[in-house]
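Q: coords-v3.txt is the file, holding compact mmCIF, C-alpha atoms:
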```txt
# COMPACT_ATOMS: atom_id res chain seq x y z
CA MET S 1 57.64 146.73 125.24
CA LYS S 2 57.27 143.12 126.43
CA LYS S 3 55.59 142.00 123.19
CA GLN S 4 58.74 142.90 121.26
CA LYS S 5 61.11 141.09 123.60
CA ILE S 6 62.59 137.72 122.66
CA ILE S 7 60.69 135.14 124.70
CA PHE S 8 62.72 132.06 123.82
CA LYS S 9 66.04 131.60 122.03
CA CYS S 10 66.23 128.65 119.65
CA GLY S 11 69.70 128.30 118.18
CA GLU S 12 70.59 131.60 116.53
CA LYS S 13 66.95 132.59 116.31
CA GLY S 14 64.31 133.49 118.85
CA PHE S 15 60.63 134.22 118.82
CA VAL S 16 58.52 137.10 120.06
CA PHE S 17 54.84 137.65 120.85
CA GLN S 18 53.77 137.97 117.23
CA ASP S 19 55.42 134.66 116.34
CA ILE S 20 53.20 132.94 118.93
CA VAL S 21 50.14 134.60 117.45
CA LYS S 22 51.09 133.46 113.93
CA ALA S 23 51.67 129.87 115.08
CA LEU S 24 48.32 129.73 116.89
CA LYS S 25 46.49 131.00 113.81
CA LYS S 26 48.35 128.58 111.54
CA ALA S 27 47.30 125.75 113.86
CA GLY S 28 43.67 126.62 113.17
CA ILE S 29 42.71 128.70 116.21
CA LYS S 30 40.26 131.45 115.29
CA LYS S 31 38.29 134.30 116.78
CA GLY S 32 35.33 133.09 118.81
CA ASP S 33 36.82 129.68 119.57
CA VAL S 34 36.25 127.98 122.89
CA LEU S 35 39.71 126.62 123.56
CA MET S 36 41.00 124.16 126.15
CA VAL S 37 44.79 124.50 126.43
CA HIS S 38 47.23 122.04 127.97
CA ALA S 39 50.58 123.86 128.13
CA ASP S 40 54.20 123.40 129.14
CA LEU S 41 56.09 126.67 128.67
CA ALA S 42 59.51 125.16 129.37
CA ARG S 43 59.75 123.23 126.11
CA PHE S 44 60.19 125.99 123.53
CA GLY S 45 63.91 126.70 123.92
CA LYS S 46 66.25 128.73 126.13
CA LEU S 47 64.75 131.58 128.11
CA GLY S 48 65.04 134.93 126.34
CA GLU S 49 64.64 138.50 127.56
CA ILE S 50 61.67 138.01 129.88
CA THR S 51 62.76 136.56 133.21
CA ASN S 52 59.86 137.55 135.47
CA LYS S 53 57.62 134.46 135.76
CA LYS S 54 54.34 136.36 135.89
CA GLU S 55 55.21 138.53 132.89
CA PHE S 56 56.54 135.50 131.02
CA ALA S 57 53.36 133.42 131.44
CA ASN S 58 51.07 136.32 130.66
CA VAL S 59 52.74 136.98 127.31
CA PHE S 60 51.53 133.54 126.22
CA ILE S 61 48.08 134.06 127.73
CA GLU S 62 47.78 137.38 125.90
CA ALA S 63 48.71 135.68 122.63
CA PHE S 64 45.88 133.17 123.01
CA LEU S 65 43.40 135.89 123.99
CA LYS S 66 44.41 137.99 121.00
CA VAL S 67 43.75 135.12 118.60
CA ILE S 68 40.38 134.03 120.02
CA GLY S 69 39.20 137.63 120.54
CA GLU S 70 36.52 139.01 122.84
CA GLN S 71 33.98 136.44 121.68
CA GLY S 72 36.27 133.51 122.50
CA THR S 73 36.91 131.62 125.73
CA LEU S 74 40.23 130.28 127.01
CA ILE S 75 40.13 127.31 129.41
CA VAL S 76 42.98 125.60 131.25
CA PRO S 77 43.24 122.67 133.67
CA THR S 78 43.89 123.81 137.24
CA PHE S 79 43.99 120.34 138.75
CA THR S 80 44.70 120.08 142.49
CA TYR S 81 43.88 116.47 143.50
CA SER S 82 42.81 118.00 146.82
CA PHE S 83 40.37 115.25 147.84
CA CYS S 84 42.85 112.57 146.77
CA ASN S 85 45.42 114.15 149.11
CA ASN S 86 43.00 114.77 152.02
CA GLU S 87 43.30 118.53 151.57
CA ILE S 88 40.65 121.27 151.74
CA TYR S 89 39.86 122.62 148.29
CA ASP S 90 39.51 126.40 148.10
CA PRO S 91 38.68 127.43 144.50
CA ASP S 92 39.75 131.00 145.21
CA ASN S 93 43.17 130.13 146.61
CA THR S 94 44.26 126.52 146.10
CA PRO S 95 47.02 126.73 143.47
CA SER S 96 46.95 124.76 140.25
CA THR S 97 49.36 121.85 139.97
CA ALA S 98 49.21 122.01 136.15
CA GLY S 99 51.96 124.57 135.61
CA LEU S 100 52.74 128.28 135.52
CA PHE S 101 50.51 129.04 132.51
CA THR S 102 47.42 127.68 134.25
CA GLU S 103 48.17 129.27 137.61
CA GLU S 104 48.64 132.72 136.09
CA LEU S 105 45.40 132.44 134.13
CA ARG S 106 43.59 131.33 137.29
CA LYS S 107 44.76 134.49 139.08
CA ARG S 108 43.85 136.90 136.30
CA LYS S 109 41.10 139.45 136.79
CA GLY S 110 37.91 138.19 135.20
CA ALA S 111 38.84 134.50 135.43
CA PHE S 112 36.38 131.89 136.73
CA ARG S 113 37.24 128.55 138.28
CA SER S 114 35.12 125.43 138.65
CA ILE S 115 34.32 123.93 142.04
CA HIS S 116 35.95 120.56 141.49
CA PRO S 117 38.32 119.38 144.25
CA ILE S 118 40.24 117.06 141.92
CA PHE S 119 40.03 118.26 138.30
CA SER S 120 39.09 121.94 138.37
CA VAL S 121 39.48 124.21 135.35
CA ALA S 122 39.83 127.98 135.07
CA ALA S 123 38.52 130.07 132.20
CA ILE S 124 38.48 133.60 130.90
CA GLY S 125 36.38 135.05 128.10
CA LYS S 126 32.79 135.26 126.92
CA ARG S 127 31.63 131.82 128.12
CA ALA S 128 33.97 131.45 131.10
CA GLU S 129 31.36 131.67 133.85
CA GLU S 130 28.92 129.41 131.99
CA LEU S 131 31.49 126.67 131.38
CA THR S 132 32.85 126.60 134.92
CA SER S 133 29.43 126.53 136.61
CA ASN S 134 26.90 123.79 137.33
CA LEU S 135 29.23 120.92 136.54
CA SER S 136 28.58 117.36 137.69
CA LYS S 137 30.47 115.71 140.52
CA ASN S 138 32.23 113.23 138.30
CA SER S 139 35.57 114.05 136.74
CA PHE S 140 35.32 113.30 133.05
CA GLY S 141 31.86 111.99 132.13
CA LYS S 142 28.32 113.28 131.74
CA GLY S 143 27.90 116.85 132.95
CA SER S 144 31.65 117.43 133.27
CA ILE S 145 33.54 120.26 131.59
CA TYR S 146 34.57 117.77 128.88
CA ASP S 147 30.93 116.90 128.22
CA LYS S 148 30.09 120.60 127.97
CA LEU S 149 32.94 121.26 125.56
CA LEU S 150 31.82 118.50 123.21
CA LYS S 151 28.43 120.17 122.87
CA ILE S 152 29.98 123.45 121.68
CA LYS S 153 30.41 123.62 117.92
CA ASN S 154 33.60 125.70 117.83
CA SER S 155 35.39 124.07 120.78
CA LYS S 156 39.00 122.99 120.26
CA TYR S 157 41.77 121.35 122.24
CA ALA S 158 45.29 122.78 122.07
CA ILE S 159 48.45 121.08 123.29
CA PHE S 160 51.02 123.82 123.62
CA GLY S 161 54.67 122.91 124.13
CA VAL S 162 53.94 119.51 125.67
CA ASP S 163 56.14 116.91 123.99
CA TYR S 164 53.49 114.17 123.95
CA PHE S 165 49.78 114.02 123.10
CA SER S 166 48.43 115.05 126.50
CA CYS S 167 44.67 115.21 125.96
CA THR S 168 42.38 114.89 128.97
CA GLN S 169 39.38 114.86 126.63
CA ILE S 170 40.24 111.22 125.91
CA HIS S 171 39.31 110.34 129.50
CA TYR S 172 35.82 111.54 128.62
CA ILE S 173 35.69 108.93 125.85
CA GLU S 174 36.94 106.27 128.26
CA GLU S 175 34.31 107.10 130.87
CA MET S 176 31.40 107.38 128.44
CA LEU S 177 32.33 104.04 126.84
CA LYS S 178 33.07 102.43 130.21
CA ALA S 179 36.71 101.53 129.59
CA PRO S 180 37.24 98.13 131.26
CA TYR S 181 40.61 99.13 132.70
CA ARG S 182 39.16 102.05 134.71
CA TYR S 183 36.65 102.17 137.53
CA ILE S 184 34.73 104.76 139.55
CA LYS S 185 36.25 105.69 142.88
CA LYS S 186 34.59 108.17 145.23
CA PHE S 187 36.56 110.73 147.24
CA LYS S 188 35.23 112.68 150.18
CA GLY S 189 36.61 115.94 151.54
CA LYS S 190 36.05 119.55 152.45
CA ILE S 191 35.48 122.54 150.19
CA LYS S 192 35.84 126.20 151.11
CA ASN S 193 33.54 128.28 148.95
CA ILE S 194 32.50 131.62 150.42
CA ALA S 195 30.77 132.97 147.30
CA ALA S 196 28.34 130.06 146.95
CA LEU S 197 27.55 129.70 150.64
CA LYS S 198 26.08 132.97 151.80
CA ASN S 199 25.04 132.83 155.44
CA LYS S 200 26.36 129.28 155.75
CA ASP S 201 29.57 127.68 156.94
CA LYS S 202 32.55 128.60 154.81
CA ILE S 203 33.72 125.00 154.71
CA TYR S 204 31.47 122.07 153.81
CA ASN S 205 31.78 118.34 153.17
CA ASP S 206 31.24 116.87 149.72
CA GLU S 207 31.93 113.81 147.58
CA TYR S 208 33.24 113.58 144.00
CA GLU S 209 33.88 110.72 141.61
CA TYR S 210 37.12 109.96 139.78
CA PHE S 211 37.28 107.40 136.95
CA VAL S 212 40.61 105.96 138.06
CA ARG S 213 42.92 103.36 136.58
CA PRO S 214 44.83 100.70 138.55
CA LEU S 215 48.04 101.91 140.15
CA ASP S 216 49.92 98.87 138.90
CA GLU S 217 51.26 98.58 135.33
CA SER S 218 48.18 96.87 133.90
CA ALA S 219 46.87 100.05 132.22
CA ILE S 220 49.54 102.62 131.31
CA PRO S 221 48.04 105.53 129.32
CA ASP S 222 49.52 106.34 125.93
CA PHE S 223 47.76 108.44 123.31
CA ASP S 224 50.39 108.15 120.56
CA LYS S 225 48.14 106.00 118.37
CA MET S 226 45.38 108.58 118.72
CA GLU S 227 47.73 111.43 117.77
CA LYS S 228 49.00 109.54 114.71
CA HIS S 229 45.47 108.76 113.58
CA LEU S 230 44.34 112.38 113.91
CA LEU S 231 47.42 113.61 112.04
CA ASP S 232 47.03 111.02 109.27
CA THR S 233 43.36 111.89 108.79
CA GLY S 234 43.98 115.64 108.84
CA PHE S 235 41.93 116.30 111.96
CA LEU S 236 45.01 117.44 113.91
CA LYS S 237 47.38 120.27 113.04
CA LYS S 238 50.89 120.30 114.50
CA ILE S 239 52.75 123.57 113.96
CA PRO S 240 56.38 124.14 115.06
CA LEU S 241 57.16 127.01 117.41
CA GLY S 242 60.74 127.32 118.65
CA SER S 243 61.86 123.89 119.83
CA ALA S 244 58.31 122.62 120.39
CA PHE S 245 54.88 122.54 118.74
CA VAL S 246 51.35 123.90 118.84
CA THR S 247 48.96 120.99 118.31
CA VAL S 248 45.24 121.69 117.76
CA ALA S 249 42.13 119.65 116.96
CA LYS S 250 38.39 120.14 117.23
CA ILE S 251 36.98 118.42 120.30
CA SER S 252 34.20 116.90 118.19
CA ASP S 253 36.84 115.29 115.94
CA ILE S 254 38.80 113.96 118.92
CA CYS S 255 35.70 112.39 120.45
CA ARG S 256 34.30 110.97 117.21
CA GLU S 257 37.57 109.45 116.02
CA GLY S 258 38.55 108.29 119.50
CA ARG S 259 35.22 106.56 119.90
CA LYS S 260 35.74 104.68 116.62
CA MET S 261 39.23 103.60 117.66
CA PHE S 262 38.08 102.44 121.09
CA LYS S 263 35.22 100.37 119.67
CA LYS S 264 37.70 98.55 117.43
CA ASP S 265 40.29 98.15 120.18
CA PRO S 266 39.45 98.96 123.82
CA THR S 267 43.18 99.09 124.61
CA CYS S 268 43.98 101.74 121.98
CA PHE S 269 44.63 104.39 124.65
CA LEU S 270 47.10 102.19 126.55
CA LYS S 271 50.84 101.86 126.14
CA GLN S 272 50.82 98.32 127.32
CA THR S 273 48.65 95.99 129.32
CA ASN S 274 49.16 92.59 130.89
CA LYS S 275 45.44 91.88 130.78
CA ASN S 276 43.05 90.90 128.01
CA TYR S 277 40.01 93.12 127.59
CA ASP S 278 37.02 91.87 125.63
CA GLU S 279 35.48 94.16 123.02
CA THR S 280 32.28 94.64 125.00
CA ASN S 281 31.39 98.27 124.15
```
Go ahead and express the file in the form of structure tokens.
A:
Amino acid sequence: MKKQKIIFKCGEKGFVFQDIVKALKKAGIKKGDVLMVHADLARFGKLGEITNKKEFANVFIEAFLKVIGEQGTLIVPTFTYSFCNNEIYDPDNTPSTAGLFTEELRKRKGAFRSIHPIFSVAAIGKRAEELTSNLSKNSFGKGSIYDKLLKIKNSKYAIFGVDYFSCTQIHYIEEMLKAPYRYIKKFKGKIKNIAALKNKDKIYNDEYEYFVRPLDESAIPDFDKMEKHLLDTGFLKKIPLGSAFVTVAKISDICREGRKMFKKDPTCFLKQTNKNYDETN
């Protein structure tokens, strides 16, 4: 049975399905949670007894679904940057660029995906359809998936296997507080969406906003200070699993504490900057 197979080998030890479940629970994930997961499955150790990519990714997906239960919802980024790359975005078929975990969840029966040609998400569970529908045409701000998640009491953000604090929710804080090192850029392109366009053309033109940063080195993102603050204040749990970690925080805590940090220092989410930004927010 695949759930009894060693998934990753870490030194003389390895871990199986139930070890993932235990780590997720220890990190504070519970039944009924609405959970956004940013994952990198390559960080946990040496590959074990499961070599089929689809089976491998779905063992992890099943672990998350087991912990959150039927009343929970699992969400993952399925970013494509389609409009940025002058490509047609097809929510039913355009693959995720955010890794194997996200692509396998996107393709699962019962999964829903948002119609966002740059920063789409896919979800499965009780609130999956609700959370991937009727989103705004900006990427991170008001009406986005990140805005919706903040309004849900039991929503959490999990960083799974990634070896740095990769938290897209912070871009929501930046956009809502008008970070001076980012600016709105509009992208036009084509979307293929058969389900939503009955009796109309299968491909249509649209425009979406992206709160971008300069491409030079004047605003390099770095969320290490945010991670340290959340750990020091107890709002973030970081639980070892194999050679990596499961890191979990409530989205409300991330946004509240991040907002406080930004108001004190509008460069707190940057690694370095060669510009001076006034504290104007």
Q: So, counting only C-alpha atoms, which residue among S:Gly125, S:Tyr210, S:Arg43, S:His38 is closest to Ala98 in chain S?
A: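 The shortest atom-to-atom distance to Ala98 in chain S comes from S:His38.
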Q: Which polymer residues have any atom within 12 Å of an atom of Lys13 in chain S, counting only C-alpha atoms, with same-chain residues fewer than 4 positions away left out, as a VMD selection string?
A: chain S and resid 6 to 9 19 44 to 46 48 241 to 243
Q: With C-alpha atoms retained, export the selected residues as a PDB file, in the frame of the given file.
A:
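Final output, saved to again_1.pdb:
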```
ATOM      1  CA  ILE S   6      62.590 137.720 122.660  1.00  0.00           C
ATOM      2  CA  ILE S   7      60.690 135.140 124.700  1.00  0.00           C
ATOM      3  CA  PHE S   8      62.720 132.060 123.820  1.00  0.00           C
ATOM      4  CA  LYS S   9      66.040 131.600 122.030  1.00  0.00           C
ATOM      5  CA  ASP S  19      55.420 134.660 116.340  1.00  0.00           C
ATOM      6  CA  PHE S  44      60.190 125.990 123.530  1.00  0.00           C
ATOM      7  CA  GLY S  45      63.910 126.700 123.920  1.00  0.00           C
ATOM      8  CA  LYS S  46      66.250 128.730 126.130  1.00  0.00           C
ATOM      9  CA  GLY S  48      65.040 134.930 126.340  1.00  0.00           C
ATOM     10  CA  LEU S 241      57.160 127.010 117.410  1.00  0.00           C
ATOM     11  CA  GLY S 242      60.740 127.320 118.650  1.00  0.00           C
ATOM     12  CA  SER S 243      61.860 123.890 119.830  1.00  0.00           C
TER      13      SER S 243
END
```
Q: Would you mind reading off the distance between CA of Ser82 in chain S and CA of Pro117 in chain S, one decimal, in Å?
A: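 Computing the Euclidean distance for CA of Ser82 in chain S and CA of Pro117 in chain S yields 5.4 Å.
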Q: What separation in Å, quoted to one decimal, exists between CA of Lys271 in chain S and CA of Lys238 in chain S?
A: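 Between CA of Lys271 in chain S and CA of Lys238 in chain S the gap is 21.8 Å.
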Q: Using only C-alpha atoms, which residues sit within 8 Å of Ile124 in chain S once same-chain residues fewer than 6 positions away are excluded, as a PyMOL selection string?
A: chain S and resi 73-75+105+110-112
Q: Give me the residues near range 179-182 of chain S as a ChimeraX atom specification, where near means some atom within 7 Å (using only C-alpha atoms) and where sequence neighbours in that chain fewer than 6 positions away do not count.
A: /S:211-214,219,266,277
Q: Output C-alpha atoms for every residue in the selection just made, as a short mmCIF file (atom, residue, chain, number, x, y, z; two decimals), keeping the file's coordinate frame.
A:
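Result file selection_13.cif:
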```cif
data_model
loop_
_atom_site.label_atom_id
_atom_site.label_comp_id
_atom_site.auth_asym_id
_atom_site.auth_seq_id
_atom_site.Cartn_x
_atom_site.Cartn_y
_atom_site.Cartn_z
CA PHE S 211 37.28 107.40 136.95
CA VAL S 212 40.61 105.96 138.06
CA ARG S 213 42.92 103.36 136.58
CA PRO S 214 44.83 100.70 138.55
CA ALA S 219 46.87 100.05 132.22
CA PRO S 266 39.45 98.96 123.82
CA TYR S 277 40.01 93.12 127.59
#
```
Q: Calculated over only C-alpha atoms, which of the candidates S:Phe60, S:Ile220, S:Lys190, S:Ile239 has the smallest distance to Lys25 in chain S?
A: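 Using only C-alpha atoms, the shortest distance to Lys25 in chain S belongs to S:Ile239.
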Q: Between CA of Ile61 in chain S and CA of Gly32 in chain S, what is the spacing in Å?
A: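 Those two atoms sit 15.6 Å apart.
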Q: Which residues are near Asp40 in chain S? Cut-off 9 Å, all atoms listed in the file, ignore same chain within fewer than 5 positions. Put them as a list in words.
A: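 Here the answer would be Ala98, Gly99, Leu100, Phe101, Ile159, Phe160, Gly161, Val162 and Asp163 of chain S.
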Q: Applying 12 Å and all atoms listed in the file, which residues near Gly143 in chain S remain after dropping the ones on its own chain fewer than 5 positions away? List them as a PyMOL selection string.
A: chain S and resi 131-138+148-151+172+175-176
Q: Around range 58-74 of chain S, fit a box with edges along x, y and z, padding it by 4 Å on each side, then list its centre and edge lengths in Å to one decimal as lines of an AutoDock Vina configuration file.
A:
```
center_x = 43.4
center_y = 134.6
center_z = 124.6
size_x = 26.8
size_y = 16.7
size_z = 20.1
```
Q: Considering only C-alpha atoms, state which residue in the set S:Arg127, S:Thr51, S:Lys225, S:Leu35 is at the smallest distance from Lys5 in chain S.
A: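 Closest residue, counting only C-alpha atoms: S:Thr51.
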Q: I'd like to know which of S:Thr102, S:Tyr146, S:Val121, S:Val16 is closest to Ile170 in chain S, using all atoms listed in the file.
A: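 Nearest candidate to Ile170 in chain S out of S:Thr102, S:Tyr146, S:Val121, S:Val16: S:Tyr146.
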Q: Around the point (34.0, 139.3, 122.3) (coordinates from the file), which residues reach within 8 Å if we count all atoms listed in the file? Answer as a PyMOL selection string.
A: chain S and resi 32+69-72+125-126
Q: Of the residues S:Gly189, S:Phe165, S:Val248, S:Asp206, which is the one nearest to Phe223 in chain S, using only C-alpha atoms?
A: S:Phe165
Q: Measuring atom to atom with only C-alpha atoms, identify which of S:Gly28, S:Gly141, S:Pro77, S:Gly258 is nearest to Met226 in chain S.
A: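 Smallest distance to Met226 in chain S is found for S:Gly258.
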